[in-house]
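Below is one structure; the comments refer to it alone.
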Amino acid sequence: MSENPLRVGLVEERIPEPCTVVIFGASGDLTKRKLVPALYSLARERLVPPGLTVLGFARRPIGDDGFRAAMREGVEKFARRRPVAGDEALWASFAQGIFYHQGTFDDPESYRALAARLAEIDAARGVPGNRVFYLSTPPGDFPVILRNLGAAGLVVRGGAGTRPFTRIIVEKPFGTDLESARVLNRQVLEVADERQIYRIDHYLGKETVQNLMAFRFANAIFEPLWNNRFVDHVQITGAEAIGIEGRGDYFESAGILRDMVQNHLMQIVSLTAMETPVTMGANDLRDEKVKVVKALRVMDDAALERDVVRGQYTAGSVGGKALGGYRNEPKVAPDSKTETYVALKFWIDSWRWAGVPFYLRSAKAMPKKVTEVALVFKEAPLRLFGAAAAAVGSRANVLAIRIQPDEGISLNFGSKLPGPTTAIHPVNMEFRYGTSFGTEPPEAYERLLLDCMLGDASLFTRGDEVEASWTWISKIHQRWRAAGTDVARYEAGTWGPAEAEALLLRDGRSWRRP
Amino acid sequence: MSGADALVEHFTHGEAIGVDVAAIERDLAALWRESASGERGVTRACLWNLVLHARGEAELAVGKGLVDAIAAAVPARSLVLDMRAEAAERDLEAWISANCQVAPGGGKLLCSEEITIAARAGGRARVPALVRALLVPDVPTAALWLGPAPGVDDARALAALTEVAQRLVIDSDDAAAPAGGRPLGWRAGSWRTLLGAAGLLQVTDLGWLRLSAFRVLLASCFDPPVGPEGLLRVKRAAVVVSPRGVATGELLLGWLATRLGWGEARRAGPDEVAASAEAPAGAGAGRREWRARRAAGEVELGLEVRDVAAGRDGIWEIVIECDQGPTCRVVDVEGEAAGTVRIEMDGLPTRVVMCEPRPDAELLVAALGARGLDPLYVQAMARAAELEA
Ligand SMILES: NC(=O)c1ccc[n+]([C@@H]2O[C@H](COP(=O)([O-])OP(=O)(O)OC[C@H]3O[C@@H](n4cnc5c(N)ncnc54)[C@H](OP(=O)(O)O)[C@@H]3O)[C@@H](O)[C@H]2O)c1
């Protein structure tokens, strides 16, 4: 008997085998805010095995107890399922499985000691050698950690069926351009197989991003409309209300195109535009996603000039609070050309999307935080109801999928107003995903950590996918560098520069007000 | 605010408005039309027709409470049937009300409708036809049987419900409510009646949904590193329950029997029950023992009722003992915060896990979702019926 017959039919039918999650950079922000709180919430909901063990690796000498105390604080502040009075026994049970290992990333001796420590902990906790190495460090440290893990014999090569398993989670950013992404992919593959690598894009862990697939592929009525026969154009918005919040040094070298578009919004483009996968298995799903990225029409100079708008916010106000201009942020050059706004018009050269423009915008310092995809359908072929019919609003049907906040789906259609005229009025049919009770959806990191422990890479980015998207994005960066032109300006708290409005107006369209 | 406006305001805030029984649908439509203020309109959504069957004030109150509590999660048209044998001046009366969520931007959204029909004495015979007329087309119908299992007098009512419904929602928890606190109590000892119903439509049991947490805990004992091999050699499976947990205990044993392929259970003879096993003392206390065949051996099944007040959902302790080990024991943690359970498993450190009770409304939402359709439940119930006294 290898299957557990008591698990059959349970929601928690799949539960990972006991394993140790080794977090590099464990004294950092991400571990405390996201990773350990996510593991705790999973433990509280009985979704991980009792043998689950966490071993933090970082430089400062805080010891097991210091690390546990810091994690307790993180869990109390940030976990979806926060410990309440009476959870003491549960926390104690969870904390028994938390350890800390002091070391430096570039010191091979640290890794030999780590191997010994892991063996010791495995024996004490009944963990059969399964390991997840989580690289939660600045990206510059990824190569040295990978090399040392390999050299210390800590990586057992092999796919999902291999036991004990070794899996490696790599945080973002995965490269800063095509060249660096290629180099990093090579470095990763020198120590492990692609099947062991889990490149995180936490957007894919969001319930509503997954719901995008469910919505498309579980409902027979929408998919037939999801193509160039019915869709006029697609709008994707990824807006943040905040500025760069003091992270000038990071943002100056990144810009919004790297920070949001290359990773998160590209995922949304792929999921919106992809063909139906053969199965929802990791490879079938990712094969279809890569095809979309490969089908993105490479922009020539004329297109780059015409169809890409970049902007930078100046002083303004958001949400009733004053926000200084980008160039006044600390560690930002006074003549910086880094974009905090980007709008693109692009094409996907596939049978499904030929002739359908995609408009994408992403920015900081917008009036509100919102991520959404909207399919704007073609108008009815004949205006039977005359001009008066559309006295209010647009005549086109819009299907909007809101990813955050207020997750949900809305469908806009026209309806006759009661009375002897033929006035048509737009009606909004809305479905809101976050219902008010029942179980709240899991945090993105919960889902992703659980999937990795289960060996399911569907919601992680594959190496070829990352390279394909960098291929396309790097072109834009090259053009910007070569042209040396300045960025357009927009006031913080507005929907972006006038040039971005013109991008759609030229085509007789306009941005949705999300 | 004009009289008509006030009426609409009350209507969309869940207050019951008396209507003409012969024209319920017409009056509802009129109120909706008026609530669609100006150009904004009201969007209604409907996932289910819910038909609630209540026999008295207490059941009615519980039923209405449940409908209100799930309105946001499950937009539905609810028909609350208040059925009483005693005669009254009017033998059929109706009220309508709606529960609206406010959409971002202010429009009314996702409104659930509630129609209450009070039938007295002879009026009851006219209810089924009313129900048939009031069901929203193209959405499924679930019948909620409030309170204890149907008696002889209820046979017609139950038949009328099973005729229109695709799903019957009950609660096998022993605390046959409302007195015991459970809204849909379906007394223990009714497994066979229920099996009959399950032949006609989907039966969903809140008691079964409550059990899922215990099923997870028991399953977790036999995950790696221990593994499931011991489950082939179970020597004894025993449940200790409080007086209200008898049906839940039977269902749990029924589930184990179906999952582990045990033969039909028979009551253990007096000579088979260990003499040392004294009958527990206290009100409602007692012990029942059965034997069942398993591959290469026999399993002892035990259900002990103790006079204990605590115990999550009436379950106090569950033990699965395998021949040559291991033994898995799930025990309610006494004295500490409610909802904590201790798991003791040979070869592993003792652990404490959360296992909080879920509110009935939340269970009802689950019952109306995908979890409400569970083939394992019918199998477990069939095996629980073997244990019925
Ligand atoms: N923070 C977030 O919300 C967030 C969100 C998405 C993605 N990310 C990504 O997640 C990763 C980690 O982010 P973070 O904010 O947690 O980083 P962080 O706060 O800067 O933490 C860096 C960690 O690395 C350790 N470290 C640095 N150099 C080391 C060395 N030579 N030897 C050993 N340890 C060393 C530090 O340990 P000591 O302090 O003990 O030296 C610290 O624990 C980054 O790749 C980031 O891009 C973060």
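Starting from 1 in every chain, residues are counted up; chains themselves are A, B, ... following the order of the structure tokens, and ligands are numbered from 1 as listed.
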
Legend entry - Within 10 Å of ligand 1, counting only C-alpha atoms and all ligand atoms, residues as a PyMOL selection string: chain A and resi 23-35+56-62+101-107+110+134-142+144-145+170-174+200-202+250+259

Inset, instruction - Enumerate, as a PyMOL selection string, the complete set of residues in range 40-195 of chain A that a backbone-based DSSP assignment places in alpha helix (DSSP H). - result: chain A and resi 40-44+63-78+88-95+108-125+142-151+178-191

Can you write out as JSON lines which residues of chain B fall within 6 Å of chain A, alongside each residue's closest atom pair and its distance in Å to one decimal, counting only C-alpha atoms and ordering rows by chain and ascending residue number?
```
{"residue": "B:Ala73", "atom": "CA", "partner": "A:Thr435", "partner_atom": "CA", "distance": 5.6}
{"residue": "B:Ala219", "atom": "CA", "partner": "A:Leu6", "partner_atom": "CA", "distance": 5.0}
{"residue": "B:Pro228", "atom": "CA", "partner": "A:Asn4", "partner_atom": "CA", "distance": 5.2}
{"residue": "B:Glu229", "atom": "CA", "partner": "A:Met1", "partner_atom": "CA", "distance": 5.8}
{"residue": "B:Ala337", "atom": "CA", "partner": "A:Gly86", "partner_atom": "CA", "distance": 4.9}
{"residue": "B:Val352", "atom": "CA", "partner": "A:Leu90", "partner_atom": "CA", "distance": 5.4}
{"residue": "B:Val353", "atom": "CA", "partner": "A:Leu90", "partner_atom": "CA", "distance": 5.7}
{"residue": "B:Glu362", "atom": "CA", "partner": "A:Gly438", "partner_atom": "CA", "distance": 5.5}
```

Go ahead and dump the residues you just picked, C-alpha atoms, as a PDB file, in the first residue's frame.
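Saved the output as again18.pdb:
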```
ATOM      1  CA  ALA B  73     -21.821  34.201  -0.255  1.00  0.00           C
ATOM      2  CA  ALA B 219      -5.121  10.640   7.538  1.00  0.00           C
ATOM      3  CA  PRO B 228      -0.243   3.743   5.369  1.00  0.00           C
ATOM      4  CA  GLU B 229       0.807   0.064   5.787  1.00  0.00           C
ATOM      5  CA  ALA B 337      -8.574  27.003  24.056  1.00  0.00           C
ATOM      6  CA  VAL B 352      -0.980  20.012  18.675  1.00  0.00           C
ATOM      7  CA  VAL B 353      -3.020  21.259  15.752  1.00  0.00           C
ATOM      8  CA  GLU B 362     -20.096  28.504   6.640  1.00  0.00           C
TER       9      GLU B 362
END
```

Legend entry - Residue neighbourhood Ile70 in chain B, 12 Å, only C-alpha atoms, exclusion window fewer than 2 positions, as an MDAnalysis selection string: (chainID A and resid 435:438) or (chainID B and resid 47:48 50 63:68 72:78 99:101 110:114 359:368)

Legend entry - Contact residues around Val333 in chain B with only C-alpha atoms at 7 Å, ignoring same-chain residues under 4 positions, as a PyMOL selection string: chain B and resi 340-342

Keeping only N, CA and C atoms, write the selected residues to a file as a PDB file, in the first residue's frame.
```pdb
ATOM      1  N   THR B 340      -8.477  23.116  19.716  1.00  0.00           N
ATOM      2  CA  THR B 340      -7.134  22.565  19.623  1.00  0.00           C
ATOM      3  C   THR B 340      -7.204  21.066  19.865  1.00  0.00           C
ATOM      4  N   VAL B 341      -6.484  20.326  19.077  1.00  0.00           N
ATOM      5  CA  VAL B 341      -6.531  18.872  19.175  1.00  0.00           C
ATOM      6  C   VAL B 341      -5.106  18.346  19.261  1.00  0.00           C
ATOM      7  N   ARG B 342      -4.916  17.305  20.084  1.00  0.00           N
ATOM      8  CA  ARG B 342      -3.577  16.724  20.222  1.00  0.00           C
ATOM      9  C   ARG B 342      -3.531  15.432  19.416  1.00  0.00           C
TER      10      ARG B 342
END
```

Legend entry - Spatial neighbours of Val370 in chain A, max dist 7 Å, only C-alpha atoms, sep filter under 3 positions, as a PyMOL selection string: chain A and resi 238-240+404-405

Legend entry - Backbone DSSP call of strand (DSSP E) for range 183-303 of chain A, listed as a VMD selection string: chain A and resid 197 to 199 231 to 239

Inset, instruction - Measuring atom to atom with only C-alpha atoms, identify which of B:Gly302, B:Pro148, B:Pro375, B:Pro140 is nearest to Val273 in chain B. - result: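 For Val273 in chain B, the nearest of the given residues is B:Gly302.
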
Inset, instruction - Quick one: pull the distance between CA of Tyr445 in chain A and CA of Arg462 in chain A, Å, one decimal. - result: 17.7 Å
